[in-house]
$ cat start15.csv   # CSV, C-alpha atoms and all ligand atoms
chain,number,residue,atom,x,y,z
A,3,MET,CA,0.0,0.0,0.0
A,4,LEU,CA,1.3,3.5,-0.8
A,5,VAL,CA,1.5,5.7,2.3
A,6,PRO,CA,1.8,9.4,2.8
A,7,ASP,CA,5.1,10.7,4.0
A,8,ASN,CA,4.8,12.1,7.5
A,9,SER,CA,8.3,12.0,8.9
A,10,ARG,CA,8.6,11.7,12.7
A,11,ARG,CA,9.1,14.9,14.7
A,12,TYR,CA,11.4,13.4,17.3
A,13,THR,CA,12.5,16.7,18.9
A,14,GLU,CA,9.0,18.1,19.3
A,15,PHE,CA,7.7,14.8,20.7
A,16,ALA,CA,10.7,14.3,23.0
A,17,LEU,CA,9.9,17.8,24.5
A,18,LYS,CA,6.3,16.8,25.1
A,19,PRO,CA,5.9,13.3,26.6
A,20,VAL,CA,2.3,12.3,27.0
A,21,SER,CA,0.3,10.3,29.5
A,22,VAL,CA,-3.2,8.7,29.1
A,23,ARG,CA,-6.2,9.6,31.1
A,24,LEU,CA,-10.0,9.3,30.7
A,25,ALA,CA,-11.9,12.3,29.3
A,26,THR,CA,-14.4,14.2,31.4
A,27,PRO,CA,-17.3,16.5,30.2
A,28,GLU,CA,-14.9,19.4,31.0
A,29,ASP,CA,-12.7,18.3,28.2
A,30,ALA,CA,-15.5,18.6,25.6
A,31,GLU,CA,-14.3,21.9,24.0
A,32,ALA,CA,-10.7,21.0,23.8
A,33,ILE,CA,-11.5,17.6,22.2
A,34,ALA,CA,-14.0,19.2,19.8
A,35,ARG,CA,-11.3,21.7,18.6
A,36,LEU,CA,-8.7,18.9,18.1
A,37,HIS,CA,-11.4,16.8,16.3
A,38,VAL,CA,-12.1,19.6,13.8
A,39,ALA,CA,-8.4,20.5,13.3
A,40,THR,CA,-7.4,16.8,12.8
A,41,SER,CA,-10.4,16.1,10.5
A,42,LEU,CA,-9.3,19.0,8.3
A,43,ALA,CA,-5.7,17.8,8.0
A,44,ALA,CA,-6.8,14.2,7.4
A,45,TYR,CA,-9.9,14.6,5.3
A,46,ARG,CA,-9.4,17.7,3.2
A,47,PRO,CA,-7.0,15.9,0.8
A,48,ILE,CA,-9.7,13.2,0.4
A,49,PHE,CA,-13.0,15.3,0.5
A,50,GLY,CA,-11.7,18.4,-1.3
A,51,ASP,CA,-11.2,22.0,-0.4
A,52,ASP,CA,-14.8,22.7,0.4
A,53,TYR,CA,-14.6,20.4,3.5
A,54,THR,CA,-14.7,22.6,6.6
A,55,GLY,CA,-14.3,20.0,9.4
A,56,GLY,CA,-17.8,20.7,10.8
A,57,ASP,CA,-19.3,23.4,12.9
A,58,ILE,CA,-17.3,23.9,16.1
A,59,ASP,CA,-20.2,24.8,18.4
A,60,GLU,CA,-22.1,21.7,17.2
A,61,ARG,CA,-19.0,19.5,17.8
A,62,ILE,CA,-18.6,20.9,21.3
A,63,GLU,CA,-22.2,20.2,22.2
A,64,SER,CA,-22.1,16.7,20.7
A,65,TRP,CA,-18.8,16.0,22.7
A,66,ARG,CA,-20.4,17.3,25.8
A,67,ARG,CA,-23.4,15.0,25.4
A,68,MET,CA,-21.2,12.0,24.5
A,69,LEU,CA,-19.0,12.5,27.5
A,70,VAL,CA,-22.0,12.6,29.9
A,71,GLY,CA,-23.2,9.3,28.2
A,72,ASP,CA,-26.4,10.9,26.8
A,73,LEU,CA,-28.4,8.0,25.5
A,74,THR,CA,-30.9,10.3,23.7
A,75,LEU,CA,-28.2,10.8,21.0
A,76,ALA,CA,-29.0,9.5,17.6
A,77,TRP,CA,-26.0,7.1,17.9
A,78,MET,CA,-24.7,5.1,20.9
A,79,PRO,CA,-22.1,7.2,22.8
A,80,PRO,CA,-18.7,5.7,23.5
A,81,GLU,CA,-18.4,4.0,26.8
A,82,LYS,CA,-14.8,5.3,27.3
A,83,THR,CA,-12.8,8.1,25.7
A,84,TYR,CA,-9.1,8.1,26.4
A,85,LEU,CA,-7.0,11.2,26.1
A,86,ALA,CA,-3.3,11.6,25.6
A,87,VAL,CA,-2.2,14.7,27.4
A,88,THR,CA,1.1,16.5,27.8
A,89,ALA,CA,2.4,17.8,31.2
A,90,ASP,CA,0.7,21.2,30.5
A,91,GLU,CA,-2.6,19.4,29.8
A,92,THR,CA,-2.5,20.0,26.0
A,93,ILE,CA,-4.5,17.2,24.4
A,94,ALA,CA,-2.5,15.3,21.8
A,95,GLY,CA,-5.2,12.9,20.8
A,96,PHE,CA,-8.2,10.9,21.8
A,97,CYS,CA,-9.6,7.4,21.3
A,98,ALA,CA,-13.3,6.5,21.9
A,99,VAL,CA,-14.5,2.9,22.3
A,100,GLY,CA,-17.6,1.0,23.2
A,101,PRO,CA,-19.9,-1.9,21.9
A,102,SER,CA,-20.2,-2.1,18.1
A,103,ARG,CA,-22.8,0.2,16.7
A,104,ASP,CA,-23.5,-2.1,13.7
A,105,ALA,CA,-27.0,-3.3,13.0
A,106,GLU,CA,-25.9,-6.8,13.9
A,107,PRO,CA,-23.2,-6.2,16.4
A,108,GLY,CA,-22.7,-9.8,17.6
A,109,ASP,CA,-20.1,-9.9,20.3
A,110,ASP,CA,-18.0,-7.1,18.8
A,111,GLY,CA,-16.4,-4.1,20.5
A,112,GLU,CA,-15.7,-1.0,18.4
A,113,VAL,CA,-13.0,1.5,18.2
A,114,MET,CA,-15.3,4.4,17.3
A,115,MET,CA,-12.8,7.3,16.9
A,116,LEU,CA,-9.0,7.7,16.9
A,117,TYR,CA,-7.7,11.2,16.3
A,118,ILE,CA,-4.2,12.5,16.9
A,119,SER,CA,-3.3,16.2,16.6
A,120,PRO,CA,-1.2,16.5,13.4
A,121,ASP,CA,1.6,18.1,15.6
A,122,PHE,CA,2.0,14.7,17.1
A,123,TRP,CA,1.7,12.4,14.1
A,124,ARG,CA,4.3,9.6,13.9
A,125,GLY,CA,5.3,10.2,17.5
A,126,GLY,CA,3.7,7.0,19.0
A,127,VAL,CA,0.6,8.7,20.5
A,128,GLY,CA,-1.8,6.8,18.2
A,129,ASN,CA,-0.2,3.6,19.3
A,130,LEU,CA,-0.5,4.5,23.0
A,131,LEU,CA,-4.2,5.5,22.7
A,132,PHE,CA,-5.2,2.7,20.5
A,133,ASP,CA,-3.6,0.2,22.9
A,134,SER,CA,-5.5,1.8,25.9
A,135,GLY,CA,-8.8,1.6,24.0
A,136,THR,CA,-8.4,-2.0,22.8
A,137,ALA,CA,-7.2,-3.1,26.3
A,138,TYR,CA,-10.5,-1.7,27.7
A,139,LEU,CA,-12.6,-3.6,25.1
A,140,ARG,CA,-10.7,-6.8,25.7
A,141,GLU,CA,-11.1,-6.6,29.5
A,142,ARG,CA,-14.8,-5.7,28.9
A,143,GLY,CA,-15.1,-9.2,27.4
A,144,PHE,CA,-15.6,-8.6,23.7
A,145,SER,CA,-14.2,-11.5,21.6
A,146,GLU,CA,-13.7,-9.5,18.4
A,147,LEU,CA,-13.0,-5.9,17.7
A,148,ILE,CA,-14.0,-3.8,14.7
A,149,LEU,CA,-13.6,-0.3,13.3
A,150,TRP,CA,-14.8,1.6,10.2
A,151,VAL,CA,-12.4,3.7,8.2
A,152,LEU,CA,-12.7,5.6,4.9
A,153,GLU,CA,-11.4,3.4,2.1
A,154,ASP,CA,-9.2,6.3,0.9
A,155,ASN,CA,-7.7,7.0,4.4
A,156,VAL,CA,-4.4,5.4,3.6
A,157,ARG,CA,-2.6,6.8,6.6
A,158,ALA,CA,-5.1,5.3,9.1
A,159,ARG,CA,-5.3,2.0,7.2
A,160,SER,CA,-1.5,1.7,7.3
A,161,PHE,CA,-1.7,2.3,11.1
A,162,TYR,CA,-4.4,-0.4,11.6
A,163,GLU,CA,-2.6,-2.9,9.4
A,164,LYS,CA,0.6,-2.4,11.3
A,165,LYS,CA,-1.3,-3.3,14.4
A,166,GLY,CA,-2.5,-6.6,12.9
A,167,TRP,CA,-6.0,-5.6,11.9
A,168,ARG,CA,-7.4,-6.6,8.5
A,169,PRO,CA,-10.4,-5.7,6.3
A,170,ASP,CA,-13.3,-8.2,6.9
A,171,GLY,CA,-15.0,-7.5,3.5
A,172,ALA,CA,-17.8,-5.2,4.9
A,173,LYS,CA,-18.3,-1.9,3.2
A,174,LYS,CA,-20.8,1.0,3.5
A,175,PRO,CA,-21.1,4.6,2.3
A,176,SER,CA,-19.5,7.3,4.3
A,177,PHE,CA,-22.1,9.1,6.5
A,178,SER,CA,-21.1,12.6,5.4
A,179,ARG,CA,-19.9,11.8,1.8
A,180,PRO,CA,-22.1,8.9,0.6
A,181,ALA,CA,-20.1,8.7,-2.7
A,182,LEU,CA,-17.1,7.5,-0.7
A,183,SER,CA,-16.9,4.2,1.0
A,184,GLN,CA,-15.9,3.1,4.5
A,185,VAL,CA,-14.4,-0.4,5.0
A,186,ARG,CA,-14.6,-2.4,8.2
A,187,TYR,CA,-11.5,-3.8,9.9
A,188,ARG,CA,-11.5,-6.6,12.4
A,189,VAL,CA,-9.2,-8.4,14.8
A,190,LYS,CA,-9.6,-11.1,17.5
A,191,ALA,CA,-9.6,-9.3,20.9
A,192,ALA,CA,-7.0,-11.7,22.2
A,193,ALA,CA,-4.6,-10.7,19.4
A,194,THR,CA,-4.5,-7.1,20.8
A,195,ARG,CA,-2.8,-8.2,24.0
A,196,ALA,CA,0.4,-6.3,24.3
B,201,LIG,C1,-3.8,7.4,11.9
B,201,LIG,C2,-3.3,8.1,13.1
B,201,LIG,C3,-4.3,7.8,14.3
B,201,LIG,C4,-1.9,7.5,13.5
B,201,LIG,O1,-1.5,8.1,14.7
B,201,LIG,P1,0.1,8.4,15.0
B,201,LIG,O2,0.2,8.9,16.4
B,201,LIG,O3,0.6,9.2,13.9
B,201,LIG,O4,0.6,6.9,14.9
B,201,LIG,P2,2.0,6.3,15.6
B,201,LIG,O5,3.0,7.3,15.6
B,201,LIG,O6,1.6,5.7,16.9
B,201,LIG,O7,2.4,5.2,14.5
B,201,LIG,C5,2.3,3.8,14.8
B,201,LIG,C6,2.6,3.1,13.5
B,201,LIG,O8,1.5,3.3,12.6
B,201,LIG,C7,2.0,3.3,11.2
B,201,LIG,N1,1.8,4.7,10.7
B,201,LIG,C8,1.4,5.8,11.4
B,201,LIG,N2,1.3,6.9,10.5
B,201,LIG,C9,1.6,6.4,9.3
B,201,LIG,C10,1.7,7.1,8.0
B,201,LIG,N3,1.5,8.4,7.9
B,201,LIG,N4,2.1,6.3,7.0
B,201,LIG,C11,2.4,5.0,7.2
B,201,LIG,N5,2.4,4.3,8.3
B,201,LIG,C12,1.9,5.0,9.4
B,201,LIG,C13,3.5,3.1,11.3
B,201,LIG,O9,3.7,1.8,11.1
B,201,LIG,C14,3.8,3.5,12.7
B,201,LIG,O10,4.9,2.9,13.3
B,201,LIG,P3,6.4,3.5,13.0
B,201,LIG,O11,6.3,5.0,13.2
B,201,LIG,O12,7.2,2.8,14.0
B,201,LIG,O13,6.7,3.2,11.6
B,201,LIG,C15,-3.1,9.6,12.9
B,201,LIG,O14,-2.4,9.8,11.7
B,201,LIG,C16,-4.4,10.4,12.8
B,201,LIG,O15,-5.0,10.8,13.8
B,201,LIG,N6,-4.9,10.6,11.6
B,201,LIG,C17,-6.1,11.4,11.3
B,201,LIG,C18,-7.4,10.9,11.9
B,201,LIG,C19,-7.7,9.6,11.3
B,201,LIG,O16,-7.7,9.3,10.1
B,201,LIG,N7,-8.2,8.7,12.2
B,201,LIG,C20,-8.7,7.4,11.9
B,201,LIG,C21,-10.1,7.5,11.6
B,201,LIG,S1,-10.8,5.9,11.2
$ encode --input "start15.csv" --output "C-alpha cells"
Amino acid sequence: MLVPDNSRRYTEFALKPVSVRLATPEDAEAIARLHVATSLAAYRPIFGDDYTGGDIDERIESWRRMLVGDLTLAWMPPEKTYLAVTADETIAGFCAVGPSRDAEPGDDGEVMMLYISPDFWRGGVGNLLFDSGTAYLRERGFSELILWVLEDNVRARSFYEKKGWRPDGAKKPSFSRPALSQVRYRVKAAATRA
C-alpha cells in the first residue's frame, strides 16, 4: 500500500511526553477543537477544499453529550474516551471505544474514533491511545473488535494494518460523503494483548 510521508518529529515529541487519562465532560471543548483540526488535516485531501471539518459549536455540544453518556443521542455514545495529554494538559489525541454500533453487532467491541493532533503524528501517540482503547474492550469481554475507516484514508489504514487488523470485507457509504466508502477492519480481541 502506498503511504503518505509524515516523517517523525522526534525533537518536538521528546519535549512533550504524553500520558493517558479518561476524558471528562470538562474536556469537551478541547476535544472538539482537536477533532475539527485533525479532521481538516486528514480529510481535506480526500474530500476536497470545500470540506470545513464541521461546525465547532455543534461539535462541542455533541462531545459534551457524548461525555455525559447521553443515551438520547442518535447514535450510541462511546463507553470510554481516552485522552493523551502533555504535562501542561495539551490534548495530543483521543480514542473513543464501546460496543459495536453495527446493525448486527454480535459480540464485537468497536474503536469508534481515533484522532491524533497533526503536531504529534508519527510520535507514537496513536499507538499508545489505541492500545488503551483496545485493552479496555478486551477486558470488557468482547471476543472480536471492529472499526470503520474511509477506504481512501491510507494513513489510518496503514496504522491499523501495522497493528495486525485486517479488512473483513464489509463496506458501507461514508455518513457525510455517501459517494465515498468506509471499510470495516476486524481483529480477535486476544490478538490485541500487548
Ligand atoms: C492514523 C493516526 C491515528 C496514526 O497516529 P500516529 O500517532 O501518527 O501513529 P503512531 O506514531 O503511533 O504510529 C504507529 C505506526 O502506525 C504506522 N503509521 C502511522 N502513521 C503512518 C503514516 N502516515 N504512513 C504509514 N504508516 C503510518 C506506522 O507503522 C507507525 O509505526 P512506525 O512509526 O514505527 O513506523 C493519525 O495519523 C491520525 O490521527 N490521523 C487522522 C485521523 C484519522 O484518520 N483517524 C482514523 C479514523 S478511522
$ residues_near_ligand --input "start15.csv" --ligand "ligand LIG 201 (chain B)" --cutoff "9 Å" --atoms "all atoms listed in the file" --output "JSON, numbers by chain"
{"A": [4, 5, 6, 7, 8, 9, 10, 37, 40, 41, 42, 43, 44, 45, 94, 95, 96, 97, 113, 114, 115, 116, 117, 118, 119, 120, 122, 123, 124, 125, 126, 127, 128, 129, 130, 131, 132, 149, 150, 151, 152, 155, 156, 157, 158, 159, 160, 161, 162, 163, 164, 165, 184]}
$ atom_distance --input "start15.csv" --atom1 "CA of Ala25 in chain A" --atom2 "CA of Ala89 in chain A"
15.4 Å
$ residues_near_point --input "start15.csv" --point "(-15.4, -5.4, 6.5)" --cutoff "9 Å" --atoms "only C-alpha atoms" --output "PyMOL selection string"
chain A and resi 148-150+168-174+184-188
$ residues_around --input "start15.csv" --residues "Met78 in chain A" --least-positions-apart "2" --cutoff "10 Å" --atoms "only C-alpha atoms" --output "PyMOL selection string"
chain A and resi 68+71-76+80-81+100-103
$ residues_around --input "start15.csv" --residues "Arg179 in chain A" --least-positions-apart "6" --cutoff "12 Å" --atoms "only C-alpha atoms" --output "ChimeraX atom specification"
/A:45,48-50,53,152-153
$ residues_around --input "start15.csv" --residues "Arg142 in chain A" --least-positions-apart "5" --cutoff "12 Å" --atoms "only C-alpha atoms" --output "number ranges by chain"
A: 81-82, 99-101, 109-112, 135-137, 147, 191-192
$ closest_residue --input "start15.csv" --among "A:Phe177, A:Trp65, A:Tyr84, A:Trp77" --to "Val22 in chain A" --atoms "all atoms listed in the file"
A:Tyr84
$ atom_distance --input "start15.csv" --atom1 "CA of Asp121 in chain A" --atom2 "CA of Glu28 in chain A"
22.6 Å
$ atom_distance --input "start15.csv" --atom1 "CA of Arg66 in chain A" --atom2 "CA of Arg35 in chain A"
12.4 Å
$ residues_around --input "start15.csv" --residues "Ile58 in chain A" --least-positions-apart "4" --cutoff "12 Å" --atoms "all atoms listed in the file" --output "PyMOL selection string"
chain A and resi 30-39+41+54+62-65
$ closest_residue --input "start15.csv" --among "A:Asp154, A:Arg195, A:Ala181, A:Thr92" --to "Asp133 in chain A" --atoms "all atoms listed in the file"
A:Arg195
$ closest_residue --input "start15.csv" --among "A:Phe144, A:Thr194, A:Ser176, A:Ala86" --to "Pro107 in chain A" --atoms "only C-alpha atoms"
A:Phe144
$ build_atoms --input "start15.csv" --residues "range 161-179 of chain A" --atoms "N, CA and C atoms" --output "PDB file, in the frame of the given file"
ATOM      1  N   PHE A 161      -1.807   2.396   9.595  1.00  0.00           N
ATOM      2  CA  PHE A 161      -1.700   2.300  11.100  1.00  0.00           C
ATOM      3  C   PHE A 161      -2.356   1.003  11.541  1.00  0.00           C
ATOM      4  N   TYR A 162      -3.608   0.790  11.129  1.00  0.00           N
ATOM      5  CA  TYR A 162      -4.400  -0.400  11.600  1.00  0.00           C
ATOM      6  C   TYR A 162      -3.702  -1.685  11.136  1.00  0.00           C
ATOM      7  N   GLU A 163      -3.233  -1.678   9.908  1.00  0.00           N
ATOM      8  CA  GLU A 163      -2.600  -2.900   9.400  1.00  0.00           C
ATOM      9  C   GLU A 163      -1.334  -3.231  10.113  1.00  0.00           C
ATOM     10  N   LYS A 164      -0.589  -2.172  10.469  1.00  0.00           N
ATOM     11  CA  LYS A 164       0.600  -2.400  11.300  1.00  0.00           C
ATOM     12  C   LYS A 164       0.287  -3.022  12.615  1.00  0.00           C
ATOM     13  N   LYS A 165      -0.910  -2.719  13.137  1.00  0.00           N
ATOM     14  CA  LYS A 165      -1.300  -3.300  14.400  1.00  0.00           C
ATOM     15  C   LYS A 165      -1.956  -4.665  14.273  1.00  0.00           C
ATOM     16  N   GLY A 166      -1.985  -5.189  13.050  1.00  0.00           N
ATOM     17  CA  GLY A 166      -2.500  -6.600  12.900  1.00  0.00           C
ATOM     18  C   GLY A 166      -3.938  -6.668  12.481  1.00  0.00           C
ATOM     19  N   TRP A 167      -4.630  -5.520  12.325  1.00  0.00           N
ATOM     20  CA  TRP A 167      -6.000  -5.600  11.900  1.00  0.00           C
ATOM     21  C   TRP A 167      -6.127  -5.770  10.422  1.00  0.00           C
ATOM     22  N   ARG A 168      -7.249  -6.357   9.968  1.00  0.00           N
ATOM     23  CA  ARG A 168      -7.400  -6.600   8.500  1.00  0.00           C
ATOM     24  C   ARG A 168      -8.852  -6.296   8.115  1.00  0.00           C
ATOM     25  N   PRO A 169      -9.072  -5.884   6.843  1.00  0.00           N
ATOM     26  CA  PRO A 169     -10.400  -5.700   6.300  1.00  0.00           C
ATOM     27  C   PRO A 169     -11.188  -7.007   6.393  1.00  0.00           C
ATOM     28  N   ASP A 170     -12.494  -6.957   6.811  1.00  0.00           N
ATOM     29  CA  ASP A 170     -13.300  -8.200   6.900  1.00  0.00           C
ATOM     30  C   ASP A 170     -14.228  -8.327   5.686  1.00  0.00           C
ATOM     31  N   GLY A 171     -14.140  -7.385   4.724  1.00  0.00           N
ATOM     32  CA  GLY A 171     -15.000  -7.500   3.500  1.00  0.00           C
ATOM     33  C   GLY A 171     -16.201  -6.581   3.572  1.00  0.00           C
ATOM     34  N   ALA A 172     -16.593  -6.100   4.788  1.00  0.00           N
ATOM     35  CA  ALA A 172     -17.800  -5.200   4.900  1.00  0.00           C
ATOM     36  C   ALA A 172     -17.465  -3.840   4.395  1.00  0.00           C
ATOM     37  N   LYS A 173     -18.455  -3.200   3.777  1.00  0.00           N
ATOM     38  CA  LYS A 173     -18.300  -1.900   3.200  1.00  0.00           C
ATOM     39  C   LYS A 173     -19.594  -1.121   3.321  1.00  0.00           C
ATOM     40  N   LYS A 174     -19.538   0.192   3.532  1.00  0.00           N
ATOM     41  CA  LYS A 174     -20.800   1.000   3.500  1.00  0.00           C
ATOM     42  C   LYS A 174     -20.420   2.411   3.118  1.00  0.00           C
ATOM     43  N   PRO A 175     -21.433   3.192   2.667  1.00  0.00           N
ATOM     44  CA  PRO A 175     -21.100   4.600   2.300  1.00  0.00           C
ATOM     45  C   PRO A 175     -20.731   5.398   3.473  1.00  0.00           C
ATOM     46  N   SER A 176     -19.861   6.370   3.244  1.00  0.00           N
ATOM     47  CA  SER A 176     -19.500   7.300   4.300  1.00  0.00           C
ATOM     48  C   SER A 176     -20.734   8.108   4.698  1.00  0.00           C
ATOM     49  N   PHE A 177     -20.896   8.378   6.003  1.00  0.00           N
ATOM     50  CA  PHE A 177     -22.100   9.100   6.500  1.00  0.00           C
ATOM     51  C   PHE A 177     -22.185  10.471   5.851  1.00  0.00           C
ATOM     52  N   SER A 178     -21.062  11.230   5.847  1.00  0.00           N
ATOM     53  CA  SER A 178     -21.100  12.600   5.400  1.00  0.00           C
ATOM     54  C   SER A 178     -20.893  12.705   3.856  1.00  0.00           C
ATOM     55  N   ARG A 179     -20.203  11.753   3.270  1.00  0.00           N
ATOM     56  CA  ARG A 179     -19.900  11.800   1.800  1.00  0.00           C
ATOM     57  C   ARG A 179     -20.298  10.407   1.232  1.00  0.00           C
TER      58      ARG A 179
END
